[in-house]
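Novice: Okay, handing you the structure first.
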Amino acid sequence: MTERLAEDLPPLEIRTLRQGHGQPVLLLHAFPVDHRMWSPVAQLFPAGQTVLAIDSYGAGHDAVWPETPSLDLAADAVVSALHRAGFDRAVVAGLSMGGYLALAIADRHPDVVAGLGLLDTKSTADTPEALANRARSAEAMFAERSVNPVLGMAASLPSPESIRKDPGLTSRVEELILRQQPEGLAWCQRAMAARPDRTGVVTVAPGPVLVLVGSEDRTTPVSASEHMVVARRDAELVVVPDVGHLSALEAPQAVTDALVGLIERSSPV
Ligand code: MLT
């Protein structure tokens with residue numbers, strides 16, 4: 001755990017998607033979108049559940065980010081924001097990049113974590129090929145001053161079946177991507193590239209652990225989730241059929257149900 005939070009980091013802001021009581025859940029978004037990706041899930045939680053979200057560094061319309069690209073710094077700033085909003089602990093659940101951030105929080109601030117949700121994500125560091133792709137993508141967004149280099153992810157991340165069932169999905173994700181700042185997304189790519197292997201954190205993270213993945217996720221495939229469940233034998237593994245990488249947008253009911261189960265397991269009666 002860090003000795004103290006880095007007070008000189010640009011502050012982040014907790015968003016309350018739903019006001020309630022009891023154990024809050026903090027939802028951490030994927031790349032290259034922002035906290036708004038959680039809207040469909042937030043609506044489905046039972047009344048009384050406090051649902052929090054946050055735009056991480058580099059994300060959102062009013063994105064801020066520190067000089068050094070690092071999810072560790074983002075983790076410190078998220079925890080600072082949570083405390084400022086009056087919460088000591090939360091069930092922390094992140095999808096993809098949000099999962100990398102959730103693991104950074106569990107590593108650096110385990111006292112904050114009442115339960116951990118790892119959705120369409122992985123605990124391993126990037127391969128050399130992934131590192132090269134990230135560097136290319138970040139450079140292209142800087143050079144073009146545009147998010148165009150990642151716009152195609154709106155169509156490539158969901159499964160073909162999800163797009164067939166919900167033809168408006170791609171344009172809704174595009175709209176989320178077009179709201180981002182290219183320099184902020186480039187920061188995210190570099191921060192993700194710098195993250196370490198955190199498989200050991202999955203093993204020791206406090207509270208119950210949920211690992212959820214779409215069966216058709218090509219970015220962080222089912223095998224990446226199985227790797228985490230091997231590291232954490234008591235984790236619950238949920239594989240959502242016919243769904244791709246953006247499970248929270250493709251199958252919000254299945255994701256909410258799994259998160260509700262995680263919250264229940266994290267709050268002993
Ligand atoms: C995401 O969905 O957050 C990204 O695809 C994750 C990544 O690039 O590793």
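Each chain of the structure tokens is named A, B, ... in the order shown, its residues numbered from 1; ligands are numbered from 1 in display order.
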When the cut-off is 9 Å and you count only C-alpha atoms and all ligand atoms, which residues lie near ligand 1, shown as a list of chain:residue names?

Specialist: A:His29, A:Ala30, A:Phe31, A:Pro32, A:Val33, A:Leu95, A:Ser96, A:Met97, A:Gly98, A:Gly99, A:Tyr100, A:Asp120, A:Thr121, A:Lys122, A:Asp126, A:Ala130, A:Arg134, A:Met153, A:Leu157, A:Cys188, A:Gln189, A:Met192, A:Ala193, A:Thr219, A:Thr220, A:His245, A:Leu246

Novice: Tell me which protein, DNA and RNA residues are within 12 Å of segment 16-26 of chain A, counting only C-alpha atoms, leaving out same-chain ones fewer than 4 positions away, and put them as a PyMOL selection string.

Specialist: chain A and resi 35-56+78-79+81-82+85-95+98-99+101-102+105+112-117+256+259-269

Novice: Select from segment 32-240 of chain A everything DSSP, run on the backbone, classes as strand (DSSP E), then give the selection as number ranges by chain.

Specialist: A: 49-54, 90-95, 113-119, 209-214, 236-240

Novice: Give me the residues within 10 Å of Leu169 of chain A as an mmCIF file with N, CA and C atoms, in the first residue's frame, counting only C-alpha atoms and dropping any in the same chain fewer than 3 places off.

Specialist:
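Wrote out_20.cif, looks like this:
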data_model
loop_
_atom_site.group_PDB
_atom_site.id
_atom_site.type_symbol
_atom_site.label_atom_id
_atom_site.label_comp_id
_atom_site.auth_asym_id
_atom_site.auth_seq_id
_atom_site.Cartn_x
_atom_site.Cartn_y
_atom_site.Cartn_z
ATOM 1 N N ALA A 154 -15.566 0.801 -31.834
ATOM 2 C CA ALA A 154 -17.017 0.759 -31.587
ATOM 3 C C ALA A 154 -17.653 -0.443 -32.279
ATOM 4 N N ALA A 155 -17.119 -0.799 -33.435
ATOM 5 C CA ALA A 155 -17.677 -1.939 -34.173
ATOM 6 C C ALA A 155 -16.944 -3.235 -33.861
ATOM 7 N N PRO A 158 -17.806 -5.100 -29.615
ATOM 8 C CA PRO A 158 -18.979 -5.960 -29.338
ATOM 9 C C PRO A 158 -18.976 -7.199 -30.245
ATOM 10 N N SER A 162 -24.320 -9.343 -30.770
ATOM 11 C CA SER A 162 -24.844 -8.174 -30.041
ATOM 12 C C SER A 162 -25.230 -7.078 -31.020
ATOM 13 N N ILE A 163 -24.418 -6.874 -32.058
ATOM 14 C CA ILE A 163 -24.705 -5.815 -33.041
ATOM 15 C C ILE A 163 -25.940 -6.197 -33.862
ATOM 16 N N ARG A 164 -26.077 -7.495 -34.139
ATOM 17 C CA ARG A 164 -27.263 -7.936 -34.894
ATOM 18 C C ARG A 164 -28.538 -7.692 -34.071
ATOM 19 N N LYS A 165 -28.478 -7.986 -32.780
ATOM 20 C CA LYS A 165 -29.662 -7.816 -31.922
ATOM 21 C C LYS A 165 -29.958 -6.347 -31.641
ATOM 22 N N ASP A 166 -28.906 -5.515 -31.627
ATOM 23 C CA ASP A 166 -29.043 -4.102 -31.236
ATOM 24 C C ASP A 166 -28.253 -3.253 -32.237
ATOM 25 N N ARG A 172 -23.882 4.163 -30.723
ATOM 26 C CA ARG A 172 -23.852 4.678 -29.340
ATOM 27 C C ARG A 172 -22.421 4.642 -28.784
ATOM 28 N N VAL A 173 -21.686 3.576 -29.115
ATOM 29 C CA VAL A 173 -20.298 3.514 -28.632
ATOM 30 C C VAL A 173 -19.449 4.561 -29.362
ATOM 31 N N GLU A 174 -19.707 4.739 -30.662
ATOM 32 C CA GLU A 174 -18.980 5.788 -31.413
ATOM 33 C C GLU A 174 -19.196 7.159 -30.780
ATOM 34 N N GLU A 175 -20.440 7.386 -30.398
ATOM 35 C CA GLU A 175 -20.757 8.683 -29.782
ATOM 36 C C GLU A 175 -19.945 8.879 -28.489
ATOM 37 N N LEU A 249 -22.462 -3.023 -21.920
ATOM 38 C CA LEU A 249 -23.358 -2.407 -22.912
ATOM 39 C C LEU A 249 -24.117 -3.454 -23.709
ATOM 40 N N GLU A 250 -23.530 -4.638 -23.868
ATOM 41 C CA GLU A 250 -24.158 -5.677 -24.693
ATOM 42 C C GLU A 250 -25.174 -6.497 -23.890
#

Novice: Quick one: distance from atom CA of Leu28 of chain A to atom CA of Val147 of chain A in Å, one decimal?

Specialist: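 We find that atom CA of Leu28 of chain A and atom CA of Val147 of chain A lie 20.6 Å from each other.
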
Novice: How far is it from atom CA of Glu13 of chain A to atom CA of Glu139 of chain A, in Å with one decimal?

Specialist: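 Interatomic distance, atom CA of Glu13 of chain A to atom CA of Glu139 of chain A: 27.8 Å.
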
Novice: Among the residues of segment 57-268 of chain A, find those DSSP assigns to alpha helix (DSSP H) from the backbone and print them as a ChimeraX atom specification.

Specialist: /A:71-84,97-108,128-144,148-151,153-156,160-165,169-178,182-193,199-204,222-231,247-250,252-266
